[in-house]
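First up is the structure itself, then whatever we jot down about it.
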Amino acid sequence: MAEQIKVPCTIMRGGTSKAVFLMRENVPVDDAERDRFLLALFGSPDKRQIDGLGGADLLTSKCAIIGPTTRPDADFDYTFAQIGIEDATVSYEIVCGNISSAVGVFAIEEGLVPAVEPETAMRVHNTNTGKILHIIVQVVDGRPRVQGDFAIDGVPGTGAPVKLDYSDTSGGATGHLLPTGAPRNTLHIDAVGKDIDVSIVDIGTLSVFVRAHDLNMSGVEMPNDLTREQIEAIEEVRSRVAEMCGLPADNTLTPFPILVAPSQSYKTYAGDREVAGDEMDLVARMVVPSVGMHKAFPGGGSICISIAAQIAGTVVHECSSTTATPRDVKVGHPSGLISIYGQTEHTSAGWSVRQVHFSRTARRLLDGYAYIVDRGWSNTVR
């Protein structure tokens with residue numbers, strides 16, 4: 001038996017993230033075997049992921065598994081996996097909005113949907129949430145368009161926009177846009193010794209929003225600025241809210257803890273420019289204590305914050321400089337700005353989402369084979 005097996009794979013950039021793309025037919029069927037396979041592929045657990053394809057960063061330790069559709073209202077299935085770096089964990093909790101843009105490009109290039117010019121629309125079944133994503137990719141000469149003048153803060157240069165519509169993804173984790181039925185809840189957080197307000201919203205990726213100053217922060221901290229005490233407070237909020245939502249509190253990424261504050265000026269993480277307070281509605285930082293602060297802003301979290309900003313009574317709505325709906329919500333993050341269009345509606349039945357969408361750029365970076373040490377997957381991986 002060969003000491004190593006080779007696995008066909010593609011590396012794609014989507015928005016501010018990178019992921020290894022695999023076809024489902026090349027991945028073990030058994031859940032436990034699949035996780036061990038992915039950990040070996042990425043070189044985890046290891047701080048540098050030196051023996052695999054992981055980039056030793058939250059934004060590059062990602063995997064997209066693509067396969068034939070398992071439901072009649074979708075063109076194909078997409079499963080997202082966040083691979084632990086120092087921990088031997090594989091999480092399927094989130095959809096990853098950034099990588100979703102690369103899914104659209106990949107699908108056309110692989111012939112999963114026919115290329116239609118000038119734009120190809122597709123329906124994607126995200127198995128993580130059980131929801132349908134609508135993606136539109138620009139096409140020229142039968143291929144996804146790569147070059148364009150659309151810029152994303154956190155990605156050098158420009159590219160062609162990929163449109164992502166998450167309007168039908170409310171309640172993917174809990175079944176409800178507002179899991180507690182209220183736009184705001186109060187928790188006592190031992191780490192800061194006081195009661196604080198939080199807002200829990202479930203669309204795109206389940207998130208909990210907290211005012212930065214309630215955790216003794218300004219809201220414009222950078223990834224290397226957090227103290228141990230602040231990280232402990234953030235994790236206490238995250239785990240408490242997970243329990244409130246009936247979800248596991250340990251060894252999980254969600255609910256995404258997102259710190260919000262009123263608009264203010266700051267210098268980007270790269271130090272290459274000053275972001276002015278009047279360019280945005282509010283500032284936000286996504287921090288998952290087990291892996292650190294997002295160096296830009298998560299796509300699924302951006303969907304959630306856009307809608308939260310348009311629900312009266314949330315801490316996001318309170319921090320936002322404007323309250324109109326519909327609108328583009330402009331969020332200041334460590335690498336610059338992200339803009340997300342959303343529209344909410346309030347009736348006697350409660351809050352609902354009329355539409356929410358944003359754009360990213362994406363492109364293929366590499367095709368080839370990954371070689372991993374054979375741990376007995378040869379019988380399940382072709």
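By convention in this document, the chains of the structure tokens carry letters A, B, ... by their order, each chain's residues are numbered from 1, and ligands are numbered from 1 in the order they are shown.
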
Sorted by chain and rising residue number, list the residues of stretch 225-286 of chain A at most 12 Å from stretch 72-85 of chain A (counting only C-alpha atoms), each with its closest atom pair and distance in Å to one decimal, as a tab-separated table.
residue	atom	partner	partner_atom	distance
A:Asn251	CA	A:Gly84	CA	10.1
A:Thr252	CA	A:Gly84	CA	10.5
A:Leu253	CA	A:Gln82	CA	9.2
A:Thr254	CA	A:Gln82	CA	11.6

For the structure I just gave you, how does DSSP split stretch 200-248 of chain A - specifically, which residues are helix (DSSP H, G or I)? Reply as a list in words.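 Here are the helix (DSSP H, G or I) residues of stretch 200-248 of chain A: Ala212, His213, Asp214, Leu215, Arg228, Glu229, Gln230, Ile231, Glu232, Ala233, Ile234, Glu235, Glu236, Val237, Arg238, Ser239, Arg240, Val241, Ala242, Glu243 and Met244 of chain A.
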
Using only C-alpha atoms, which residues sit within 10 Å of A:Leu366 once same-chain residues fewer than 5 positions away are excluded, as a count of residues only? 6

Per residue of stretch 323-379 of chain A within 9 Å of stretch 141-158 of chain A, record the nearest atom pair and its distance in Å to one decimal, counting only C-alpha atoms, with rows in chain order and ascending residue number, as a Markdown table.
| residue | atom | partner | partner_atom | distance |
| --- | --- | --- | --- | --- |
| A:Pro334 | CA | A:Gly154 | CA | 8.6 |
| A:Ser335 | CA | A:Gly154 | CA | 5.1 |
| A:Gly336 | CA | A:Asp153 | CA | 5.2 |
| A:Leu337 | CA | A:Asp153 | CA | 6.1 |
| A:Ile338 | CA | A:Asp153 | CA | 7.2 |
| A:Ser359 | CA | A:Phe150 | CA | 8.9 |
| A:Arg360 | CA | A:Ile152 | CA | 7.0 |
| A:Thr361 | CA | A:Phe150 | CA | 7.5 |
| A:Ala362 | CA | A:Val146 | CA | 7.3 |
| A:Arg363 | CA | A:Val146 | CA | 6.4 |

Picked from stretch 32-219 of chain A by DSSP as strand (DSSP E or B), as a PyMOL selection string: chain A and resi 62-68+76-83+90-91+119-126+131-140+143-144+150-151+158-159+162-165+170+185-189+194-201+203+207-211

Can I get the selected residues back with C-alpha atoms, as a short mmCIF file (atom, residue, chain, number, x, y, z; two decimals), in the first residue's frame?
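Here's the written file again-v2.cif:
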data_model
loop_
_atom_site.label_atom_id
_atom_site.label_comp_id
_atom_site.auth_asym_id
_atom_site.auth_seq_id
_atom_site.Cartn_x
_atom_site.Cartn_y
_atom_site.Cartn_z
CA LYS A 62 -10.83 26.75 5.18
CA CYS A 63 -12.30 24.04 2.97
CA ALA A 64 -15.21 23.94 0.52
CA ILE A 65 -16.67 20.55 -0.40
CA ILE A 66 -18.77 20.60 -3.57
CA GLY A 67 -21.07 17.89 -4.83
CA PRO A 68 -24.25 17.09 -6.77
CA PHE A 76 -25.43 21.76 -6.42
CA ASP A 77 -24.40 21.33 -2.77
CA TYR A 78 -21.76 23.33 -0.91
CA THR A 79 -20.39 22.33 2.49
CA PHE A 80 -18.02 24.67 4.31
CA ALA A 81 -15.48 23.46 6.87
CA GLN A 82 -13.33 25.62 9.15
CA ILE A 83 -10.22 23.64 10.04
CA VAL A 90 -13.24 20.67 12.09
CA SER A 91 -16.26 22.97 12.34
CA GLU A 119 -24.17 36.80 -15.99
CA THR A 120 -24.75 33.30 -14.68
CA ALA A 121 -27.17 32.89 -11.79
CA MET A 122 -27.15 29.78 -9.62
CA ARG A 123 -28.92 28.32 -6.61
CA VAL A 124 -26.57 26.79 -4.07
CA HIS A 125 -27.68 24.45 -1.31
CA ASN A 126 -25.50 25.23 1.69
CA LYS A 131 -30.49 27.23 3.17
CA ILE A 132 -30.35 28.27 -0.50
CA LEU A 133 -27.79 30.90 -1.53
CA HIS A 134 -28.27 32.82 -4.76
CA ILE A 135 -25.01 33.69 -6.54
CA ILE A 136 -24.49 35.69 -9.74
CA VAL A 137 -21.14 35.52 -11.55
CA GLN A 138 -20.11 37.66 -14.51
CA VAL A 139 -19.15 35.56 -17.54
CA VAL A 140 -17.17 36.39 -20.68
CA ARG A 143 -15.59 31.62 -18.40
CA PRO A 144 -16.04 33.52 -15.16
CA PHE A 150 -14.45 46.27 -8.03
CA ALA A 151 -12.22 46.67 -4.96
CA THR A 158 -9.47 44.90 -8.15
CA GLY A 159 -11.58 42.24 -9.80
CA VAL A 162 -19.58 38.24 -7.59
CA LYS A 163 -23.05 38.99 -6.23
CA LEU A 164 -24.19 37.04 -3.17
CA ASP A 165 -27.85 37.04 -2.10
CA SER A 170 -32.74 33.59 8.22
CA ASN A 185 -31.12 40.68 26.08
CA THR A 186 -29.22 41.38 29.29
CA LEU A 187 -26.51 39.08 30.63
CA HIS A 188 -24.36 39.26 33.72
CA ILE A 189 -20.75 38.73 32.65
CA LYS A 194 -21.62 43.72 35.48
CA ASP A 195 -24.74 43.28 33.39
CA ILE A 196 -24.37 44.04 29.67
CA ASP A 197 -26.78 44.18 26.74
CA VAL A 198 -26.39 41.83 23.79
CA SER A 199 -28.30 41.31 20.55
CA ILE A 200 -28.54 37.83 19.06
CA VAL A 201 -29.36 37.63 15.35
CA ILE A 203 -28.99 35.20 9.38
CA SER A 207 -23.93 36.21 15.76
CA VAL A 208 -24.06 37.93 19.13
CA PHE A 209 -23.42 41.67 19.15
CA VAL A 210 -22.06 43.51 22.17
CA ARG A 211 -20.99 47.11 22.67
#

Residues near A:Met286, cut-off 7 Å, only C-alpha atoms, skip fewer than 5 positions along chain, as a VMD selection string: chain A and resid 256 to 259 293 to 294 297

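For the residues A:Asn98, A:Thr227, A:Leu41, A:Asp214, ranking by smallest atom-to-atom distance to A:Ala296 using only C-alpha atoms places A:Asn98 first.
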